[in-house]
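*Asks:* For reference, the file structure.cif (mmCIF, C-alpha atoms) is included below:
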data_data
#
loop_
_atom_site.label_atom_id
_atom_site.label_comp_id
_atom_site.auth_asym_id
_atom_site.auth_seq_id
_atom_site.Cartn_x
_atom_site.Cartn_y
_atom_site.Cartn_z
CA MET A 20 2.89 -22.52 17.91
CA THR A 21 6.11 -21.82 19.81
CA GLY A 22 6.41 -24.42 22.54
CA ALA A 23 3.08 -24.67 24.41
CA ARG A 24 2.03 -21.07 23.79
CA ALA A 25 0.99 -18.89 20.90
CA MET A 26 3.74 -17.25 18.90
CA LYS A 27 4.31 -13.63 19.94
CA VAL A 28 4.91 -11.27 17.02
CA LEU A 29 5.97 -7.63 17.21
CA VAL A 30 5.12 -5.66 14.07
CA PHE A 31 7.36 -2.63 13.49
CA THR A 32 6.25 -0.22 10.78
CA HIS A 33 4.88 3.27 10.22
CA HIS A 34 2.58 1.78 7.54
CA TYR A 35 -0.47 1.32 9.73
CA PRO A 36 -3.62 3.43 10.25
CA SER A 37 -4.02 5.50 13.41
CA LYS A 38 -6.83 7.73 14.66
CA ARG A 39 -4.91 10.68 13.24
CA LEU A 40 -4.23 8.96 9.88
CA PRO A 41 -7.17 6.58 9.39
CA THR A 42 -6.60 6.20 5.64
CA MET A 43 -2.97 5.08 5.99
CA ALA A 44 -2.10 1.69 4.43
CA PRO A 45 -5.37 -0.27 4.66
CA TYR A 46 -3.59 -3.31 3.20
CA SER A 47 -1.30 -3.35 6.27
CA TYR A 48 -4.31 -3.18 8.55
CA HIS A 49 -5.88 -6.21 6.85
CA THR A 50 -2.61 -8.18 6.80
CA TYR A 51 -1.85 -7.70 10.47
CA ARG A 52 -5.45 -8.19 11.56
CA ALA A 53 -5.48 -11.53 9.73
CA LEU A 54 -2.15 -12.50 11.30
CA ALA A 55 -3.34 -11.43 14.77
CA ARG A 56 -6.12 -14.03 14.56
CA ARG A 57 -3.41 -16.67 14.50
CA CYS A 58 -0.93 -15.46 17.13
CA GLU A 59 -0.36 -12.83 19.81
CA LEU A 60 0.53 -9.59 18.09
CA ARG A 61 1.52 -6.07 19.11
CA LEU A 62 2.46 -3.19 16.82
CA VAL A 63 4.90 -0.29 17.04
CA GLY A 64 4.33 2.51 14.54
CA PRO A 65 7.23 5.00 14.82
CA THR A 66 6.21 8.58 14.08
CA PRO A 67 8.69 11.41 13.28
CA TRP A 68 8.38 14.40 15.57
CA TRP A 69 7.79 16.88 12.71
CA THR A 70 4.70 14.96 11.58
CA ARG A 71 3.35 14.84 15.11
CA ALA A 72 4.15 18.50 15.76
CA ARG A 73 1.84 19.48 12.90
CA GLY A 74 -1.02 17.14 13.76
CA ALA A 75 -0.85 16.15 17.44
CA PRO A 76 1.67 18.29 19.38
CA ARG A 77 0.38 17.08 22.75
CA GLU A 78 1.57 13.57 21.85
CA LEU A 79 5.14 14.67 21.08
CA LEU A 80 6.68 13.27 24.26
CA GLY A 81 4.44 10.37 25.17
CA GLY A 82 3.30 9.19 21.76
CA ALA A 83 -0.06 7.45 21.50
CA ARG A 84 -1.40 4.00 22.28
CA GLU A 85 -4.48 2.81 20.41
CA SER A 86 -6.53 -0.38 20.10
CA HIS A 87 -9.54 0.74 18.06
CA THR A 88 -8.35 -1.29 15.05
CA GLY A 89 -8.35 -4.48 17.12
CA ILE A 90 -4.57 -4.47 17.53
CA ASP A 91 -2.68 -3.05 20.52
CA ALA A 92 -0.67 -0.40 18.69
CA LEU A 93 1.92 2.01 20.09
CA PHE A 94 2.85 5.12 18.06
CA PRO A 95 5.99 6.55 19.73
CA THR A 96 7.76 9.70 18.58
CA TYR A 97 11.26 9.53 17.18
CA TRP A 98 13.63 12.47 16.90
CA SER A 99 15.71 13.14 13.81
CA VAL A 100 16.53 16.03 11.47
CA PRO A 101 13.95 16.76 8.76
CA GLY A 102 15.49 16.77 5.31
CA LEU A 103 18.42 14.53 6.36
CA PRO A 104 17.05 11.02 5.79
CA VAL A 105 20.49 9.47 6.17
CA LEU A 106 20.11 10.06 9.93
CA HIS A 107 16.60 8.69 10.35
CA ALA A 108 17.32 5.00 11.03
CA ARG A 109 20.00 5.68 13.63
CA ALA A 110 17.85 8.38 15.22
CA LEU A 111 14.86 6.05 15.24
CA HIS A 112 16.84 3.36 17.06
CA ALA A 113 18.24 5.83 19.58
CA SER A 114 14.86 7.45 20.23
CA LEU A 115 12.99 4.18 20.80
CA ARG A 116 15.63 2.18 22.65
CA GLY A 117 13.98 2.66 26.04
CA THR A 118 10.48 2.13 24.66
CA MET A 119 11.50 -1.10 22.96
CA ALA A 120 13.29 -2.40 26.06
CA ALA A 121 10.18 -1.79 28.17
CA LEU A 122 7.97 -3.41 25.56
CA ARG A 123 10.28 -6.44 25.46
CA ARG A 124 9.77 -6.94 29.21
CA GLU A 125 6.01 -6.48 28.88
CA PHE A 126 5.61 -8.54 25.71
CA PRO A 127 8.49 -11.01 25.20
CA TYR A 128 8.08 -11.36 21.46
CA ASP A 129 9.56 -14.27 19.51
CA VAL A 130 10.07 -12.46 16.21
CA ILE A 131 9.88 -8.97 14.70
CA LEU A 132 7.86 -8.48 11.53
CA ALA A 133 8.82 -5.15 9.95
CA ALA A 134 7.63 -3.35 6.85
CA TRP A 135 9.22 -0.61 4.71
CA ALA A 136 12.95 -0.78 4.11
CA TYR A 137 14.05 2.59 5.48
CA PRO A 138 14.12 3.69 8.19
CA ASP A 139 11.76 1.06 9.64
CA THR A 140 13.57 -2.17 8.71
CA VAL A 141 17.06 -0.75 9.23
CA ALA A 142 16.16 0.25 12.80
CA ALA A 143 14.06 -2.87 13.48
CA GLU A 144 16.91 -5.14 12.44
CA VAL A 145 19.07 -3.61 15.19
CA PHE A 146 16.24 -4.01 17.70
CA ALA A 147 15.96 -7.67 16.70
CA ARG A 148 19.67 -8.18 17.33
CA ASP A 149 19.34 -6.36 20.67
CA ALA A 150 16.55 -8.76 21.66
CA GLY A 151 18.16 -11.87 20.19
CA VAL A 152 15.18 -12.66 17.94
CA PRO A 153 14.90 -13.12 14.17
CA ILE A 154 13.40 -10.49 11.90
CA VAL A 155 11.27 -10.83 8.80
CA THR A 156 10.44 -7.75 6.76
CA THR A 157 8.16 -6.74 3.92
CA VAL A 158 9.06 -4.31 1.13
CA LEU A 159 6.28 -2.48 -0.63
CA GLY A 160 7.53 -0.43 -3.58
CA SER A 161 9.36 2.88 -3.41
CA ASP A 162 11.36 1.67 -0.42
CA ILE A 163 13.15 -0.69 -2.83
CA ASN A 164 12.66 0.97 -6.20
CA GLU A 165 13.64 4.49 -5.13
CA GLN A 166 15.37 4.69 -1.73
CA PRO A 167 18.40 2.53 -2.71
CA LYS A 168 19.16 4.96 -5.55
CA SER A 169 20.77 7.06 -2.81
CA ALA A 170 24.18 5.52 -2.14
CA VAL A 171 24.11 6.58 1.51
CA LEU A 172 20.71 5.00 2.09
CA ARG A 173 21.61 1.88 0.11
CA ALA A 174 24.66 1.45 2.37
CA GLN A 175 22.24 1.08 5.31
CA ILE A 176 19.35 -0.71 3.58
CA THR A 177 21.26 -3.52 1.87
CA PRO A 178 23.10 -4.93 4.92
CA ALA A 179 19.90 -4.79 7.00
CA LEU A 180 17.92 -6.69 4.37
CA ARG A 181 20.67 -9.29 4.02
CA ARG A 182 20.53 -9.95 7.77
CA CYS A 183 16.77 -10.57 7.72
CA ALA A 184 15.69 -14.19 7.96
CA ARG A 185 13.23 -13.53 5.12
CA VAL A 186 12.31 -10.54 3.00
CA VAL A 187 8.75 -10.55 1.69
CA ALA A 188 8.07 -8.74 -1.58
CA VAL A 189 4.53 -7.89 -2.61
CA SER A 190 5.33 -8.50 -6.29
CA GLY A 191 7.69 -10.61 -8.36
CA ALA A 192 9.28 -7.45 -9.76
CA LEU A 193 10.16 -6.29 -6.23
CA GLY A 194 11.50 -9.76 -5.48
CA GLU A 195 13.92 -9.53 -8.40
CA ARG A 196 14.99 -6.07 -7.24
CA LEU A 197 15.84 -7.54 -3.83
CA VAL A 198 18.05 -10.15 -5.46
CA GLU A 199 19.78 -7.38 -7.44
CA LEU A 200 20.48 -5.65 -4.12
CA GLY A 201 22.20 -8.78 -2.84
CA VAL A 202 19.48 -10.46 -0.76
CA PRO A 203 19.93 -14.25 -1.20
CA ARG A 204 17.20 -15.53 -3.49
CA GLU A 205 16.32 -18.32 -1.08
CA ARG A 206 15.38 -15.72 1.53
CA VAL A 207 13.10 -13.73 -0.81
CA VAL A 208 9.40 -14.60 -0.57
CA VAL A 209 6.84 -13.16 -2.98
CA GLN A 210 3.47 -12.66 -1.28
CA ARG A 211 0.94 -10.58 -3.14
CA ASN A 212 -1.78 -8.81 -1.24
CA ALA A 213 -5.35 -10.01 -1.03
CA VAL A 214 -8.66 -8.17 -1.13
CA ASP A 215 -11.73 -8.37 1.08
CA GLY A 216 -14.12 -10.08 -1.30
CA GLU A 217 -17.09 -9.44 0.98
CA ARG A 218 -16.64 -5.66 0.89
CA PHE A 219 -15.49 -5.39 -2.72
CA THR A 220 -18.08 -7.25 -4.72
CA ILE A 221 -20.08 -6.90 -7.94
CA ARG A 222 -22.85 -4.35 -7.45
CA ASP A 223 -25.24 -2.31 -9.55
CA ARG A 224 -24.02 1.20 -10.36
CA ALA A 225 -27.29 3.09 -9.95
CA GLU A 226 -27.53 3.48 -6.17
CA PRO A 227 -23.92 4.57 -5.46
CA ARG A 228 -24.02 6.96 -8.45
CA ALA A 229 -27.16 8.60 -7.14
CA ARG A 230 -25.62 9.00 -3.69
CA LEU A 231 -22.36 10.41 -5.08
CA GLY A 232 -24.09 12.77 -7.49
CA VAL A 233 -22.70 11.05 -10.60
CA PRO A 234 -24.84 11.11 -13.79
CA ALA A 235 -26.60 7.78 -14.23
CA ASP A 236 -25.80 7.58 -17.97
CA ALA A 237 -22.17 8.79 -17.83
CA ARG A 238 -19.20 6.60 -18.74
CA VAL A 239 -17.33 6.81 -15.45
CA VAL A 240 -13.59 6.40 -14.76
CA LEU A 241 -12.34 6.23 -11.17
CA TYR A 242 -8.97 6.98 -9.62
CA ALA A 243 -8.50 6.34 -5.89
CA GLY A 244 -5.22 6.96 -4.10
CA TYR A 245 -2.68 9.60 -3.20
CA HIS A 246 -2.59 12.75 -5.32
CA VAL A 247 1.19 12.90 -5.67
CA PRO A 248 3.49 13.02 -8.73
CA GLU A 249 4.51 9.34 -8.61
CA LYS A 250 0.85 8.31 -9.01
CA GLY A 251 0.58 10.12 -12.35
CA VAL A 252 -2.65 11.92 -11.43
CA ASP A 253 -1.55 14.94 -13.47
CA VAL A 254 -1.29 12.70 -16.53
CA LEU A 255 -4.83 11.44 -15.91
CA VAL A 256 -6.22 14.98 -15.93
CA GLU A 257 -4.35 15.71 -19.18
CA ALA A 258 -5.79 12.49 -20.62
CA MET A 259 -9.27 13.83 -19.86
CA ALA A 260 -8.33 17.01 -21.73
CA HIS A 261 -7.28 14.85 -24.69
CA LEU A 262 -10.68 13.12 -24.63
CA ASP A 263 -12.40 16.49 -24.46
CA ARG A 264 -10.54 17.71 -27.55
CA SER A 265 -11.34 14.49 -29.41
CA GLY A 266 -15.05 14.87 -28.73
CA ARG A 267 -15.51 12.16 -26.06
CA ARG A 268 -17.41 14.37 -23.65
CA ASP A 269 -19.44 11.46 -22.31
CA VAL A 270 -16.50 10.35 -20.10
CA TYR A 271 -16.69 11.37 -16.44
CA LEU A 272 -13.76 11.13 -14.01
CA MET A 273 -13.99 10.67 -10.24
CA MET A 274 -10.78 11.23 -8.28
CA VAL A 275 -10.72 10.14 -4.65
CA GLY A 276 -7.85 10.88 -2.28
CA GLY A 277 -5.57 13.73 -1.33
CA GLY A 278 -2.01 14.92 -1.28
CA GLU A 279 0.23 17.71 -2.49
CA LEU A 280 -1.29 17.80 -6.00
CA LEU A 281 -4.92 18.00 -4.93
CA GLU A 282 -5.26 21.79 -5.13
CA PRO A 283 -3.02 22.18 -8.23
CA LEU A 284 -5.20 19.56 -9.93
CA ARG A 285 -8.35 21.47 -9.02
CA ALA A 286 -6.84 24.55 -10.64
CA ARG A 287 -5.80 22.62 -13.75
CA VAL A 288 -9.24 21.03 -14.12
CA SER A 289 -10.78 24.50 -13.96
CA ALA A 290 -8.30 25.95 -16.46
CA LEU A 291 -9.05 23.11 -18.91
CA GLY A 292 -12.78 23.67 -18.59
CA LEU A 293 -13.35 20.13 -17.30
CA GLY A 294 -15.13 21.07 -14.08
CA ASP A 295 -18.41 19.46 -15.15
CA ARG A 296 -16.79 16.10 -15.96
CA VAL A 297 -13.91 15.80 -13.47
CA ARG A 298 -14.74 15.69 -9.77
CA LEU A 299 -12.09 15.66 -7.06
CA PHE A 300 -13.75 14.24 -3.95
CA GLY A 301 -10.80 14.51 -1.58
CA TRP A 302 -10.07 11.90 1.04
CA ALA A 303 -12.46 9.03 1.66
CA LEU A 304 -12.32 6.48 4.46
CA PRO A 305 -11.44 2.91 3.43
CA ALA A 306 -15.01 1.85 4.26
CA GLU A 307 -16.28 4.24 1.57
CA ILE A 308 -14.11 3.03 -1.30
CA PRO A 309 -16.39 0.08 -2.28
CA ASP A 310 -19.14 2.58 -3.15
CA TYR A 311 -16.82 4.48 -5.49
CA MET A 312 -15.75 1.20 -7.12
CA ALA A 313 -19.38 0.22 -7.62
CA ALA A 314 -20.18 3.59 -9.21
CA CYS A 315 -17.49 3.42 -11.92
CA ASP A 316 -17.21 1.62 -15.26
CA VAL A 317 -13.39 1.52 -15.41
CA PHE A 318 -10.72 1.97 -12.78
CA CYS A 319 -7.53 3.83 -13.75
CA LEU A 320 -4.11 3.78 -12.09
CA PRO A 321 -1.74 6.05 -14.09
CA SER A 322 1.32 5.66 -11.83
CA ARG A 323 4.88 6.48 -12.76
CA ARG A 324 6.12 3.97 -10.13
CA GLU A 325 4.39 1.16 -8.25
CA GLY A 326 4.92 -1.89 -6.09
CA CYS A 327 1.87 -4.16 -6.16
CA PRO A 328 -1.10 -1.79 -5.86
CA ASN A 329 -3.93 -3.25 -3.82
CA VAL A 330 -6.43 -0.86 -5.33
CA ILE A 331 -6.21 -2.80 -8.60
CA LEU A 332 -7.32 -5.95 -6.80
CA GLU A 333 -10.18 -4.03 -5.20
CA ALA A 334 -11.38 -2.85 -8.61
CA LEU A 335 -11.19 -6.32 -10.13
CA ALA A 336 -12.98 -7.87 -7.15
CA SER A 337 -15.72 -5.29 -7.80
CA GLY A 338 -16.03 -6.53 -11.38
CA ARG A 339 -14.45 -3.43 -12.92
CA PRO A 340 -11.72 -3.52 -15.62
CA VAL A 341 -8.46 -1.66 -15.04
CA VAL A 342 -6.45 0.70 -17.21
CA ALA A 343 -2.99 1.14 -15.73
CA THR A 344 0.60 1.91 -16.59
CA ARG A 345 3.17 -0.77 -17.30
CA VAL A 346 5.30 -0.16 -14.19
CA GLY A 347 6.47 -2.18 -11.17
CA GLY A 348 4.28 -5.15 -10.30
CA VAL A 349 1.24 -3.84 -12.20
CA PRO A 350 1.70 -6.22 -15.20
CA GLU A 351 1.51 -9.13 -12.74
CA LEU A 352 -2.05 -8.07 -11.91
CA VAL A 353 -3.39 -6.57 -15.15
CA ARG A 354 -3.45 -8.91 -18.14
CA GLU A 355 -4.35 -7.87 -21.68
CA GLY A 356 -5.76 -9.88 -24.55
CA GLN A 357 -8.33 -12.65 -24.62
CA GLY A 358 -9.47 -13.44 -21.11
CA GLY A 359 -7.67 -10.35 -19.82
CA ASN A 360 -8.83 -7.97 -17.13
CA GLY A 361 -7.61 -4.60 -18.37
CA LEU A 362 -5.29 -2.55 -20.55
CA LEU A 363 -1.71 -1.35 -20.01
CA VAL A 364 -0.09 1.83 -21.32
CA PRO A 365 3.29 3.54 -20.97
CA SER A 366 3.59 5.93 -18.04
CA GLY A 367 3.53 9.68 -18.61
CA ASP A 368 1.59 9.56 -21.91
CA PRO A 369 -1.79 11.38 -21.65
CA GLN A 370 -2.88 10.52 -25.21
CA ALA A 371 -2.15 6.81 -24.84
CA LEU A 372 -3.91 6.80 -21.48
CA GLY A 373 -6.97 8.61 -22.81
CA ASP A 374 -7.22 6.31 -25.83
CA ALA A 375 -6.97 3.23 -23.59
CA LEU A 376 -9.71 4.57 -21.31
CA VAL A 377 -12.03 4.94 -24.30
CA ARG A 378 -11.21 1.42 -25.51
CA ALA A 379 -11.86 0.00 -22.07
CA LEU A 380 -15.15 1.89 -21.73
CA ASP A 381 -16.30 0.62 -25.14
CA MET A 382 -15.27 -3.02 -24.63
CA PRO A 383 -17.63 -5.71 -23.29
CA TRP A 384 -16.36 -7.06 -19.98
CA ASP A 385 -17.59 -9.99 -17.90
CA PRO A 386 -17.69 -8.77 -14.26
CA GLY A 387 -17.59 -12.35 -12.96
CA ALA A 388 -14.46 -13.12 -14.99
CA LEU A 389 -12.81 -9.92 -13.78
CA ARG A 390 -13.51 -10.89 -10.17
CA GLY A 391 -12.22 -14.38 -10.88
CA SER A 392 -8.84 -12.95 -11.92
CA VAL A 393 -8.07 -12.00 -8.29
CA GLU A 394 -5.78 -14.52 -6.62
CA ALA A 395 -7.11 -14.20 -3.06
CA LEU A 396 -10.50 -12.78 -2.09
CA SER A 397 -9.80 -13.11 1.62
CA TRP A 398 -7.05 -11.64 3.79
CA ASP A 399 -7.07 -14.87 5.77
CA VAL A 400 -5.01 -16.40 2.96
CA VAL A 401 -2.30 -13.78 3.57
CA GLY A 402 -2.57 -14.21 7.35
CA ASP A 403 -2.08 -17.96 7.01
CA ARG A 404 0.97 -17.53 4.79
CA TYR A 405 2.63 -14.97 7.06
CA HIS A 406 1.96 -17.16 10.09
CA ALA A 407 3.46 -20.20 8.37
CA LEU A 408 6.49 -18.16 7.28
CA LEU A 409 7.17 -16.85 10.79
CA GLU A 410 6.79 -20.33 12.27
CA GLU A 411 9.26 -21.63 9.67
CA VAL A 412 11.79 -18.96 10.63
CA LEU A 413 11.44 -19.83 14.33
CA ARG A 414 11.89 -23.55 13.61
CA GLU A 415 15.06 -22.77 11.66
CA GLY A 416 16.31 -20.71 14.60
CA ARG A 417 15.67 -23.53 17.05
CA GLY A 418 17.41 -25.97 14.71
CA ALA A 419 20.43 -23.69 14.41
CA GLY A 420 20.56 -23.37 18.19
#
Spit out the file's structure as structure tokens when you get a sec.

*Replies:*
Amino acid sequence: MTGARAMKVLVFTHHYPSKRLPTMAPYSYHTYRALARRCELRLVGPTPWWTRARGAPRELLGGARESHTGIDALFPTYWSVPGLPVLHARALHASLRGTMAALRREFPYDVILAAWAYPDTVAAEVFARDAGVPIVTTVLGSDINEQPKSAVLRAQITPALRRCARVVAVSGALGERLVELGVPRERVVVQRNAVDGERFTIRDRAEPRARLGVPADARVVLYAGYHVPEKGVDVLVEAMAHLDRSGRRDVYLMMVGGGELLEPLRARVSALGLGDRVRLFGWALPAEIPDYMAACDVFCLPSRREGCPNVILEALASGRPVVATRVGGVPELVREGQGGNGLLVPSGDPQALGDALVRALDMPWDPGALRGSVEALSWDVVGDRYHALLEEVLREGRGAG
């Protein structure tokens, strides 16, 4: 608590689902919903004009305000130059200055909780200084692993992160990267995501397979996520071709999600003659993912880069082993050997990936033990920890004052 009233938290991030993008960042939805049960919370989800112009042009000037997720969320438009990311943070601050001032009068927040290093955190850190409140931010993966490789972006990201009261990393690997960037170690907090253990649970495969049109006797691999190069989905299709050539035609692949590689992957699957064993389902709503998990035998995440992928936790909570690449925070979640919960392979190697999928499909796994390898089966754990962290930051601020 702050004084005699509930702490007021303003979340500032584009990583949150809207009516237009309902599949965006379900882990953010669960985190902020859990936190909102412990304090008063509002959310600002800045949206670049070029995204809105394609999907919702009538909202260009006024933005959108939504509450269907249980959180009062404002999605204002910001104006920058597409293709010139170096301008985005300054443009975001300039575009939303009036909106944020009005929101401050309506909702006098005690602290800003941001997520994603650039442009979100860089702009939010200035808004926090404008309002005279502390800021805590969360980094998620590419915003720390990739964006700082640009010297001009790093020159904006690093000072903003250093001025944050705390920087939360969703994996230990990201935490170490923050220290390398100059964030004081004592201000880095590692907080892995949780999973909804009531939705993702151990279930029989028969019913979801029948509903999805998957052969009852197939050995089924699942991928769920964005179909973009960094996720290595192209490597997964080539791994299926490797299995086809080696005679393992009993392996069936379900791919759920969408992105720039969806149609090229469809064409490649057809060219390889894999159309009867590789199905690309396209986008699915978060509420539908537990059925896909229940239908599979093994979950695969073939990424070239990662932060701390929540989908791995969802698979394990469903009692399914994981085959993934040894990148980012993945080795913190997937452990090999006796008592392990999956297999790890190098990224970008279709043969190694295909061979690991076969090994995983042929190994005996204990679904209960796989589920037991998940650190937190409730998002309330994450909500409690974020609430305690924000309260700690506010106490420090009062002590300094």

*Asks:* Could you make a table, as JSON lines, of the residues of segment 55-147 of chain A that have an atom within 10 Å of an atom of segment 405-412 of chain A, each with its nearest atom pair and distance in Å to one decimal, counting all atoms listed in the file, in chain and number order?

*Replies:*
{"residue": "A:Ala55", "atom": "CA", "partner": "A:His406", "partner_atom": "CA", "distance": 9.1}
{"residue": "A:Arg56", "atom": "CA", "partner": "A:His406", "partner_atom": "CA", "distance": 9.8}
{"residue": "A:Arg57", "atom": "CA", "partner": "A:His406", "partner_atom": "CA", "distance": 7.0}
{"residue": "A:Cys58", "atom": "CA", "partner": "A:His406", "partner_atom": "CA", "distance": 7.8}
{"residue": "A:Asp129", "atom": "CA", "partner": "A:Leu409", "partner_atom": "CA", "distance": 9.4}
{"residue": "A:Val130", "atom": "CA", "partner": "A:Leu409", "partner_atom": "CA", "distance": 7.6}
{"residue": "A:Ile131", "atom": "CA", "partner": "A:Leu409", "partner_atom": "CA", "distance": 9.2}
{"residue": "A:Leu132", "atom": "CA", "partner": "A:Leu409", "partner_atom": "CA", "distance": 8.4}

*Asks:* Please enumerate the residues selected by the PyMOL selection byres ((chain A and resi 87) around 12) when evaluated against the supplied file, formatted as a PyMOL selection string.

*Replies:* chain A and resi 36-39+41+48+52+84-86+88-93

*Asks:* Applied to the shown file, which residues does the PyMOL selection byres ((chain A and resi 285-288) around 10) return, written as a list of chain:residue names?

*Replies:*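 For this structure, the PyMOL selection byres ((chain A and resi 285-288) around 10) resolves to A:Asp253, A:Val256, A:Glu257, A:Met259, A:Ala260, A:Leu280, A:Leu281, A:Glu282, A:Pro283, A:Leu284, A:Ser289, A:Ala290, A:Leu291, A:Gly292, A:Leu293, A:Gly294, A:Asp295, A:Arg296, A:Val297, A:Arg298, A:Leu299.
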
*Asks:* For the point (-4.5, 5.5, -9.5) in file coordinates, what residues are within 7 Å, counting only C-alpha atoms? Give the answer as a compact mmCIF listing (two decimals) with C-alpha atoms, in the frame of the given file?

*Replies:*
# COMPACT_ATOMS: atom_id res chain seq x y z
CA TYR A 242 -8.97 6.98 -9.62
CA ALA A 243 -8.50 6.34 -5.89
CA GLY A 244 -5.22 6.96 -4.10
CA LYS A 250 0.85 8.31 -9.01
CA VAL A 252 -2.65 11.92 -11.43
CA CYS A 319 -7.53 3.83 -13.75
CA LEU A 320 -4.11 3.78 -12.09
CA PRO A 321 -1.74 6.05 -14.09
CA SER A 322 1.32 5.66 -11.83

*Asks:* Give me the residues within 12 Å of Met43 of chain A as a PyMOL selection string, counting only C-alpha atoms and dropping any in the same chain fewer than 4 places off.

*Replies:* chain A and resi 32-39+47-49+64+244-245+276-277+302-305

*Asks:* Go ahead and dump the residues you just picked, C-alpha atoms, as a CSV table (one decimal), keeping the file's coordinate frame.

*Replies:*
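Final output, saved to again-v6.csv:
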chain,number,residue,atom,x,y,z
A,32,THR,CA,6.2,-0.2,10.8
A,33,HIS,CA,4.9,3.3,10.2
A,34,HIS,CA,2.6,1.8,7.5
A,35,TYR,CA,-0.5,1.3,9.7
A,36,PRO,CA,-3.6,3.4,10.2
A,37,SER,CA,-4.0,5.5,13.4
A,38,LYS,CA,-6.8,7.7,14.7
A,39,ARG,CA,-4.9,10.7,13.2
A,47,SER,CA,-1.3,-3.4,6.3
A,48,TYR,CA,-4.3,-3.2,8.6
A,49,HIS,CA,-5.9,-6.2,6.8
A,64,GLY,CA,4.3,2.5,14.5
A,244,GLY,CA,-5.2,7.0,-4.1
A,245,TYR,CA,-2.7,9.6,-3.2
A,276,GLY,CA,-7.8,10.9,-2.3
A,277,GLY,CA,-5.6,13.7,-1.3
A,302,TRP,CA,-10.1,11.9,1.0
A,303,ALA,CA,-12.5,9.0,1.7
A,304,LEU,CA,-12.3,6.5,4.5
A,305,PRO,CA,-11.4,2.9,3.4
